[in-house]
file coords20.pdb (PDB, C-alpha atoms and all ligand atoms)
MODEL        1
ATOM      1  CA  GLU A   1     -19.415 -72.284 -30.246  1.00  0.00           C
ATOM      2  CA  TYR A   2     -19.217 -74.381 -33.348  1.00  0.00           C
ATOM      3  CA  ASP A   3     -21.726 -75.767 -35.743  1.00  0.00           C
ATOM      4  CA  LEU A   4     -21.260 -79.509 -35.488  1.00  0.00           C
ATOM      5  CA  ALA A   5     -22.519 -80.030 -39.049  1.00  0.00           C
ATOM      6  CA  ALA A   6     -19.985 -77.602 -40.533  1.00  0.00           C
ATOM      7  CA  LEU A   7     -17.212 -79.205 -38.493  1.00  0.00           C
ATOM      8  CA  VAL A   8     -18.085 -82.734 -39.635  1.00  0.00           C
ATOM      9  CA  ASP A   9     -18.352 -81.601 -43.244  1.00  0.00           C
ATOM     10  CA  SER A  10     -14.954 -79.946 -43.107  1.00  0.00           C
ATOM     11  CA  VAL A  11     -13.325 -83.052 -41.596  1.00  0.00           C
ATOM     12  CA  ILE A  12     -14.778 -85.023 -44.535  1.00  0.00           C
ATOM     13  CA  VAL A  13     -13.578 -82.443 -47.062  1.00  0.00           C
ATOM     14  CA  ASP A  14     -10.077 -82.687 -45.579  1.00  0.00           C
ATOM     15  CA  GLN A  15     -10.113 -86.434 -46.294  1.00  0.00           C
ATOM     16  CA  ARG A  16     -11.891 -86.245 -49.663  1.00  0.00           C
ATOM     17  CA  ASN A  17      -8.945 -87.785 -51.502  1.00  0.00           C
ATOM     18  CA  SER A  18      -9.178 -90.893 -49.330  1.00  0.00           C
ATOM     19  CA  PHE A  19     -12.945 -91.096 -49.910  1.00  0.00           C
ATOM     20  CA  ILE A  20     -12.365 -90.949 -53.655  1.00  0.00           C
ATOM     21  CA  ALA A  21      -9.398 -93.348 -53.625  1.00  0.00           C
ATOM     22  CA  ARG A  22     -11.314 -95.883 -51.542  1.00  0.00           C
ATOM     23  CA  GLY A  23     -14.624 -95.492 -53.377  1.00  0.00           C
ATOM     24  CA  ILE A  24     -16.621 -94.584 -50.279  1.00  0.00           C
ATOM     25  CA  ARG A  25     -19.511 -92.130 -50.144  1.00  0.00           C
ATOM     26  CA  PHE A  26     -20.478 -89.763 -47.367  1.00  0.00           C
ATOM     27  CA  THR A  27     -23.922 -88.693 -46.206  1.00  0.00           C
ATOM     28  CA  ARG A  28     -24.867 -86.348 -43.387  1.00  0.00           C
ATOM     29  CA  VAL A  29     -28.260 -86.411 -41.687  1.00  0.00           C
ATOM     30  CA  GLY A  30     -29.324 -83.653 -39.282  1.00  0.00           C
ATOM     31  CA  GLY A  31     -27.770 -80.390 -38.195  1.00  0.00           C
ATOM     32  CA  PRO A  32     -26.943 -77.571 -38.014  1.00  0.00           C
ATOM     33  CA  LEU A  33     -26.449 -77.757 -34.271  1.00  0.00           C
ATOM     34  CA  THR A  34     -24.320 -75.457 -32.172  1.00  0.00           C
ATOM     35  CA  VAL A  35     -22.104 -76.959 -29.481  1.00  0.00           C
ATOM     36  CA  VAL A  36     -19.514 -75.406 -27.245  1.00  0.00           C
ATOM     37  CA  THR A  37     -16.316 -77.366 -27.526  1.00  0.00           C
ATOM     38  CA  ASP A  38     -12.679 -77.045 -28.394  1.00  0.00           C
ATOM     39  CA  GLU A  39     -12.788 -77.026 -32.161  1.00  0.00           C
ATOM     40  CA  LYS A  40      -9.206 -78.187 -32.644  1.00  0.00           C
ATOM     41  CA  TRP A  41      -9.518 -81.222 -30.394  1.00  0.00           C
ATOM     42  CA  LEU A  42     -12.982 -82.194 -31.573  1.00  0.00           C
ATOM     43  CA  ARG A  43     -11.591 -82.059 -35.107  1.00  0.00           C
ATOM     44  CA  PHE A  44      -8.803 -84.422 -34.032  1.00  0.00           C
ATOM     45  CA  ILE A  45     -11.332 -86.869 -32.535  1.00  0.00           C
ATOM     46  CA  LEU A  46     -13.534 -86.846 -35.641  1.00  0.00           C
ATOM     47  CA  THR A  47     -10.548 -87.182 -37.966  1.00  0.00           C
ATOM     48  CA  GLN A  48      -9.436 -90.253 -36.047  1.00  0.00           C
ATOM     49  CA  VAL A  49     -12.881 -91.879 -36.179  1.00  0.00           C
ATOM     50  CA  VAL A  50     -13.373 -91.094 -39.868  1.00  0.00           C
ATOM     51  CA  SER A  51      -9.938 -92.422 -40.790  1.00  0.00           C
ATOM     52  CA  ASN A  52     -10.720 -95.716 -39.024  1.00  0.00           C
ATOM     53  CA  ALA A  53     -14.052 -95.896 -40.855  1.00  0.00           C
ATOM     54  CA  LEU A  54     -12.222 -95.384 -44.160  1.00  0.00           C
ATOM     55  CA  LYS A  55      -9.577 -97.970 -43.283  1.00  0.00           C
ATOM     56  CA  TYR A  56     -12.041-100.735 -42.410  1.00  0.00           C
ATOM     57  CA  THR A  57     -14.710-100.190 -45.082  1.00  0.00           C
ATOM     58  CA  ALA A  58     -14.567-101.767 -48.540  1.00  0.00           C
ATOM     59  CA  SER A  59     -15.030 -99.928 -51.795  1.00  0.00           C
ATOM     60  CA  GLY A  60     -18.679 -99.101 -52.500  1.00  0.00           C
ATOM     61  CA  GLY A  61     -19.357 -98.535 -48.808  1.00  0.00           C
ATOM     62  CA  ARG A  62     -20.766 -95.522 -47.069  1.00  0.00           C
ATOM     63  CA  ILE A  63     -20.008 -93.401 -44.042  1.00  0.00           C
ATOM     64  CA  THR A  64     -22.985 -91.588 -42.526  1.00  0.00           C
ATOM     65  CA  ALA A  65     -22.870 -88.787 -39.972  1.00  0.00           C
ATOM     66  CA  THR A  66     -26.080 -88.352 -37.997  1.00  0.00           C
ATOM     67  CA  ILE A  67     -26.595 -85.338 -35.738  1.00  0.00           C
ATOM     68  CA  SER A  68     -29.441 -85.399 -33.261  1.00  0.00           C
ATOM     69  CA  ASP A  69     -30.602 -83.757 -30.108  1.00  0.00           C
ATOM     70  CA  ASN A  70     -32.931 -84.649 -27.245  1.00  0.00           C
ATOM     71  CA  SER A  71     -33.614 -83.201 -23.815  1.00  0.00           C
ATOM     72  CA  GLN A  72     -30.546 -84.872 -22.316  1.00  0.00           C
ATOM     73  CA  GLU A  73     -27.861 -84.566 -24.918  1.00  0.00           C
ATOM     74  CA  ALA A  74     -26.805 -83.841 -28.451  1.00  0.00           C
ATOM     75  CA  THR A  75     -25.152 -86.680 -30.342  1.00  0.00           C
ATOM     76  CA  LEU A  76     -23.067 -87.134 -33.433  1.00  0.00           C
ATOM     77  CA  THR A  77     -22.874 -90.687 -34.778  1.00  0.00           C
ATOM     78  CA  LEU A  78     -20.394 -91.735 -37.447  1.00  0.00           C
ATOM     79  CA  ALA A  79     -21.500 -95.053 -38.928  1.00  0.00           C
ATOM     80  CA  ASP A  80     -19.641 -97.080 -41.531  1.00  0.00           C
ATOM     81  CA  THR A  81     -20.731-100.068 -43.601  1.00  0.00           C
ATOM     82  CA  GLY A  82     -17.405-101.803 -43.017  1.00  0.00           C
ATOM     83  CA  ILE A  83     -16.168-105.141 -41.735  1.00  0.00           C
ATOM     84  CA  GLY A  84     -17.143-104.559 -38.106  1.00  0.00           C
ATOM     85  CA  ILE A  85     -15.338-105.476 -34.886  1.00  0.00           C
ATOM     86  CA  PRO A  86     -15.560-108.982 -33.345  1.00  0.00           C
ATOM     87  CA  ALA A  87     -17.742-109.009 -30.227  1.00  0.00           C
ATOM     88  CA  ASP A  88     -14.914-110.224 -27.987  1.00  0.00           C
ATOM     89  CA  GLU A  89     -12.749-107.244 -28.953  1.00  0.00           C
ATOM     90  CA  LEU A  90     -15.386-104.546 -28.508  1.00  0.00           C
ATOM     91  CA  HIS A  91     -14.673-103.878 -24.835  1.00  0.00           C
ATOM     92  CA  ARG A  92     -10.980-103.302 -25.554  1.00  0.00           C
ATOM     93  CA  VAL A  93     -11.023-100.786 -28.412  1.00  0.00           C
ATOM     94  CA  PHE A  94     -10.473 -97.755 -26.137  1.00  0.00           C
ATOM     95  CA  GLU A  95      -7.493 -99.364 -24.384  1.00  0.00           C
ATOM     96  CA  LYS A  96      -4.112 -97.721 -24.806  1.00  0.00           C
ATOM     97  CA  GLY A  97      -2.156 -99.639 -27.458  1.00  0.00           C
ATOM     98  CA  PHE A  98      -4.935-102.082 -28.300  1.00  0.00           C
ATOM     99  CA  THR A  99      -4.837-103.222 -31.923  1.00  0.00           C
ATOM    100  CA  GLY A 100      -7.606-105.572 -32.970  1.00  0.00           C
ATOM    101  CA  THR A 101      -7.658-108.290 -35.607  1.00  0.00           C
ATOM    102  CA  ASN A 102      -8.723-105.720 -38.213  1.00  0.00           C
ATOM    103  CA  GLY A 103      -5.912-103.381 -37.253  1.00  0.00           C
ATOM    104  CA  ARG A 104      -3.250-106.093 -37.398  1.00  0.00           C
ATOM    105  CA  ASN A 105      -4.483-107.299 -40.768  1.00  0.00           C
ATOM    106  CA  ALA A 106      -4.479-103.763 -42.185  1.00  0.00           C
ATOM    107  CA  ASN A 107      -1.151-102.592 -40.848  1.00  0.00           C
ATOM    108  CA  GLN A 108       1.517-104.458 -38.912  1.00  0.00           C
ATOM    109  CA  ARG A 109       2.666-101.165 -37.439  1.00  0.00           C
ATOM    110  CA  ALA A 110      -0.733-100.032 -36.130  1.00  0.00           C
ATOM    111  CA  THR A 111      -0.205 -98.212 -32.838  1.00  0.00           C
ATOM    112  CA  GLY A 112      -3.601 -98.825 -31.273  1.00  0.00           C
ATOM    113  CA  LEU A 113      -3.586 -95.238 -30.045  1.00  0.00           C
ATOM    114  CA  GLY A 114      -6.274 -93.720 -32.260  1.00  0.00           C
ATOM    115  CA  LEU A 115      -9.408 -94.588 -30.298  1.00  0.00           C
ATOM    116  CA  TYR A 116      -7.579 -94.403 -26.971  1.00  0.00           C
ATOM    117  CA  LEU A 117      -6.635 -90.776 -27.630  1.00  0.00           C
ATOM    118  CA  ALA A 118     -10.060 -89.937 -29.058  1.00  0.00           C
ATOM    119  CA  ASP A 119     -11.725 -91.345 -25.930  1.00  0.00           C
ATOM    120  CA  ARG A 120      -9.387 -89.561 -23.501  1.00  0.00           C
ATOM    121  CA  LEU A 121      -9.806 -86.251 -25.306  1.00  0.00           C
ATOM    122  CA  SER A 122     -13.580 -86.645 -25.388  1.00  0.00           C
ATOM    123  CA  GLN A 123     -13.582 -87.042 -21.617  1.00  0.00           C
ATOM    124  CA  LYS A 124     -11.399 -83.958 -21.184  1.00  0.00           C
ATOM    125  CA  LEU A 125     -13.798 -81.940 -23.337  1.00  0.00           C
ATOM    126  CA  GLY A 126     -16.780 -83.108 -21.275  1.00  0.00           C
ATOM    127  CA  HIS A 127     -18.083 -85.228 -24.158  1.00  0.00           C
ATOM    128  CA  LYS A 128     -18.223 -88.998 -24.211  1.00  0.00           C
ATOM    129  CA  LEU A 129     -17.489 -91.632 -26.855  1.00  0.00           C
ATOM    130  CA  THR A 130     -19.396 -94.876 -27.301  1.00  0.00           C
ATOM    131  CA  LEU A 131     -18.918 -97.557 -29.950  1.00  0.00           C
ATOM    132  CA  THR A 132     -21.103-100.351 -31.261  1.00  0.00           C
ATOM    133  CA  SER A 133     -20.316-102.760 -34.072  1.00  0.00           C
ATOM    134  CA  GLN A 134     -21.649-105.801 -35.875  1.00  0.00           C
ATOM    135  CA  VAL A 135     -19.284-108.066 -37.797  1.00  0.00           C
ATOM    136  CA  GLY A 136     -19.988-107.884 -41.510  1.00  0.00           C
ATOM    137  CA  GLN A 137     -22.359-104.945 -41.045  1.00  0.00           C
ATOM    138  CA  GLY A 138     -20.400-101.996 -39.767  1.00  0.00           C
ATOM    139  CA  THR A 139     -19.345 -99.844 -36.837  1.00  0.00           C
ATOM    140  CA  GLN A 140     -20.982 -96.856 -35.165  1.00  0.00           C
ATOM    141  CA  VAL A 141     -19.076 -94.347 -33.047  1.00  0.00           C
ATOM    142  CA  THR A 142     -21.117 -91.758 -31.149  1.00  0.00           C
ATOM    143  CA  VAL A 143     -19.874 -88.539 -29.592  1.00  0.00           C
ATOM    144  CA  HIS A 144     -22.230 -87.474 -26.798  1.00  0.00           C
ATOM    145  CA  PHE A 145     -22.550 -83.819 -25.793  1.00  0.00           C
ATOM    146  CA  PRO A 146     -24.422 -83.663 -22.481  1.00  0.00           C
ATOM    147  CA  HIS A 147     -26.602 -80.572 -22.080  1.00  0.00           C
ATOM    148  CA  LEU A 148     -25.220 -78.437 -19.322  1.00  0.00           C
ATOM    149  CA  SER A 149     -27.102 -75.354 -20.332  1.00  0.00           C
ATOM    150  CA  PHE A 150     -29.943 -74.440 -22.629  1.00  0.00           C
ATOM    151  CA  TYR A 151     -30.450 -71.323 -24.653  1.00  0.00           C
ATOM    152  CA  GLY A 152     -33.727 -70.140 -26.042  1.00  0.00           C
ATOM    153  CA  GLU A 153     -32.877 -70.071 -29.690  1.00  0.00           C
ATOM    154  CA  LYS A 154     -34.307 -73.054 -31.509  1.00  0.00           C
ATOM    155  CA  GLY A 155     -31.813 -75.607 -32.687  1.00  0.00           C
ATOM    156  CA  THR A 156     -29.100 -74.218 -30.464  1.00  0.00           C
ATOM    157  CA  THR A 157     -27.594 -76.463 -27.862  1.00  0.00           C
ATOM    158  CA  LEU A 158     -24.714 -75.324 -25.764  1.00  0.00           C
ATOM    159  CA  THR A 159     -22.480 -77.608 -23.797  1.00  0.00           C
ATOM    160  CA  LYS A 160     -19.742 -76.321 -21.578  1.00  0.00           C
ATOM    161  CA  PRO A 161     -16.202 -77.367 -22.412  1.00  0.00           C
ATOM    162  CA  GLN A 162     -14.077 -78.560 -19.500  1.00  0.00           C
ATOM    163  CA  VAL A 163     -10.583 -78.313 -20.896  1.00  0.00           C
TER     164      VAL A 163
HETATM  165  P1  LIG A 201      -3.685 -96.603 -35.360  1.00  0.00           P
HETATM  166  O1  LIG A 201      -4.269 -95.681 -34.357  1.00  0.00           O
HETATM  167  O2  LIG A 201      -2.184 -96.626 -35.402  1.00  0.00           O
HETATM  168  O3  LIG A 201      -4.287 -96.487 -36.728  1.00  0.00           O
HETATM  169  P2  LIG A 201      -5.419 -98.793 -34.795  1.00  0.00           P
HETATM  170  O4  LIG A 201      -6.307 -98.440 -35.944  1.00  0.00           O
HETATM  171  O5  LIG A 201      -5.096-100.238 -34.581  1.00  0.00           O
HETATM  172  O6  LIG A 201      -4.036 -98.062 -34.851  1.00  0.00           O
HETATM  173  P3  LIG A 201      -7.449 -97.674 -32.998  1.00  0.00           P
HETATM  174  O7  LIG A 201      -7.855 -96.559 -33.890  1.00  0.00           O
HETATM  175  O8  LIG A 201      -7.337 -97.361 -31.549  1.00  0.00           O
HETATM  176  O9  LIG A 201      -6.034 -98.253 -33.419  1.00  0.00           O
HETATM  177  O10 LIG A 201      -8.457 -98.878 -33.181  1.00  0.00           O
HETATM  178  C1  LIG A 201      -8.347-100.044 -32.372  1.00  0.00           C
HETATM  179  C2  LIG A 201      -8.833-101.268 -33.127  1.00  0.00           C
HETATM  180  O11 LIG A 201     -10.242-101.207 -33.313  1.00  0.00           O
HETATM  181  C3  LIG A 201      -8.260-101.396 -34.537  1.00  0.00           C
HETATM  182  O12 LIG A 201      -7.033-102.061 -34.502  1.00  0.00           O
HETATM  183  C4  LIG A 201      -9.343-102.181 -35.276  1.00  0.00           C
HETATM  184  O13 LIG A 201      -9.174-103.570 -35.049  1.00  0.00           O
HETATM  185  C5  LIG A 201     -10.612-101.733 -34.580  1.00  0.00           C
HETATM  186  N1  LIG A 201     -11.390-100.665 -35.301  1.00  0.00           N
HETATM  187  C6  LIG A 201     -11.413 -99.336 -34.995  1.00  0.00           C
HETATM  188  N2  LIG A 201     -12.283 -98.675 -35.769  1.00  0.00           N
HETATM  189  C7  LIG A 201     -12.844 -99.597 -36.584  1.00  0.00           C
HETATM  190  C8  LIG A 201     -13.848 -99.538 -37.619  1.00  0.00           C
HETATM  191  N3  LIG A 201     -14.449 -98.391 -37.973  1.00  0.00           N
HETATM  192  N4  LIG A 201     -14.183-100.700 -38.236  1.00  0.00           N
HETATM  193  C9  LIG A 201     -13.584-101.880 -37.890  1.00  0.00           C
HETATM  194  N5  LIG A 201     -12.641-102.003 -36.930  1.00  0.00           N
HETATM  195  C10 LIG A 201     -12.263-100.876 -36.280  1.00  0.00           C
ENDMDL
END

call {"tool": "encode", "arguments": {"input": "coords20.pdb", "output": "structure tokens"}}
result
Amino acid sequence: EYDLAALVDSVIVDQRNSFIARGIRFTRVGGPLTVVTDEKWLRFILTQVVSNALKYTASGGRITATISDNSQEATLTLADTGIGIPADELHRVFEKGFTGTNGRNANQRATGLGLYLADRLSQKLGHKLTLTSQVGQGTQVTVHFPHLSFYGEKGTTLTKPQV
């Protein structure tokens, strides 16, 4: 069991130097919220998503983490105010080895493995990744935690890991 809010915050703290160097601010909305997951792998997934958000967002931008919970699932959305992904590339971002226009412009040696691995790991953990984006506005990546079991305590949501 891990508090999603504490986990997100610690992923951000780990990358604080990049936030400072790139002039990007972080805000979290919602939480605490307990989920059952594999902390190490969820940390890897979030690190990957946050490092993309940092890479593709200009100075003065913002990354927002929103934690919410309804009767079906808990969600964590990481939204950036960056350059966004062209509509015709959106359906390919989880492909193994896919590097988009943004990726190629940023780094000729981009591997295109970041989101592929994050997506595969999410599936293994019993979570799910979705991504939306608007060019010139920003990108939103959501980790979904389906409710497999409920516990009485308020604000506590448990999902069963399937590693
Ligand atoms: P690497 O994993 O080596 O950093 P990459 O960044 O190209 O390579 P992914 O993380 O899989 O690989 O991302 C795939 C593509 O999706 C990127 O090349 C980029 O074009 C686009 N992308 C991913 N995240 C964002 C984002 N937050 N904003 C804009 N574009 C993004």

call {"tool": "resolve_selection", "arguments": {"input": "coords20.pdb", "expression": "the PyMOL selection byres (((chain A and resi 93-97) around 9) and not hetatm)", "output": "list in words"}}
result
Glu89, Leu90, His91, Arg92, Phe98, Thr99, Gly100, Ala110, Thr111, Gly112, Leu113, Gly114, Leu115, Tyr116, Leu117, Ala118, Asp119, Arg120 and Leu131 of chain A

call {"tool": "atom_distance", "arguments": {"input": "coords20.pdb", "atom1": "CA of Thr75 (chain A)", "atom2": "CA of Gly23 (chain A)"}}
result
26.8 Å

call {"tool": "residues_around", "arguments": {"input": "coords20.pdb", "residues": "region 60-69 of chain A", "least_positions_apart": "5", "cutoff": "9 Å", "atoms": "only C-alpha atoms", "output": "list in words"}}
result
Leu4, Ala5, Val8, Arg22, Gly23, Ile24, Arg25, Phe26, Thr27, Arg28, Val29, Gly30, Gly31, Pro32, Leu33, Val50, Ala53, Leu54, Ala74, Thr75, Leu76, Thr77, Leu78, Ala79, Asp80, Thr81, Gly82, Gly155 and Thr157 of chain A

call {"tool": "atom_distance", "arguments": {"input": "coords20.pdb", "atom1": "CA of Thr139 (chain A)", "atom2": "CA of Gln15 (chain A)"}}
result
18.8 Å

call {"tool": "closest_residue", "arguments": {"input": "coords20.pdb", "among": "A:Ser10, A:His144, A:Lys55, A:Val135", "to": "Ala106 (chain A)", "atoms": "all atoms listed in the file"}}
result
A:Lys55

call {"tool": "decode", "arguments": {"input": "coords20.pdb", "residues": "region 58-87 of chain A", "atoms": "C-alpha atoms", "output": "short mmCIF file (atom, residue, chain, number, x, y, z; two decimals), in the first residue's frame"}}
result
data_model
loop_
_atom_site.label_atom_id
_atom_site.label_comp_id
_atom_site.auth_asym_id
_atom_site.auth_seq_id
_atom_site.Cartn_x
_atom_site.Cartn_y
_atom_site.Cartn_z
CA ALA A 58 9.12 25.51 -22.21
CA SER A 59 10.42 27.63 -19.38
CA GLY A 60 7.63 29.24 -17.36
CA GLY A 61 5.41 26.20 -17.83
CA ARG A 62 3.73 24.04 -15.26
CA ILE A 63 3.27 20.37 -14.52
CA THR A 64 0.17 19.49 -12.51
CA ALA A 65 -0.56 16.17 -10.82
CA THR A 66 -4.24 15.55 -10.14
CA ILE A 67 -5.37 12.63 -7.98
CA SER A 68 -9.02 11.67 -8.01
CA ASP A 69 -11.29 8.81 -7.20
CA ASN A 70 -14.76 7.67 -8.24
CA SER A 71 -16.76 4.48 -7.83
CA GLN A 72 -14.94 2.77 -10.70
CA GLU A 73 -11.34 3.80 -10.37
CA ALA A 74 -8.71 6.04 -8.89
CA THR A 75 -6.73 8.16 -11.33
CA LEU A 76 -3.53 10.13 -11.35
CA THR A 77 -3.17 12.64 -14.19
CA LEU A 78 0.11 14.35 -15.00
CA ALA A 79 -0.58 17.37 -17.21
CA ASP A 80 2.01 19.66 -18.75
CA THR A 81 1.64 23.02 -20.48
CA GLY A 82 4.09 22.00 -23.19
CA ILE A 83 4.20 21.85 -26.97
CA GLY A 84 1.75 18.96 -27.31
CA ILE A 85 1.76 15.99 -29.68
CA PRO A 86 0.44 16.23 -33.28
CA ALA A 87 -2.91 14.47 -33.67
#
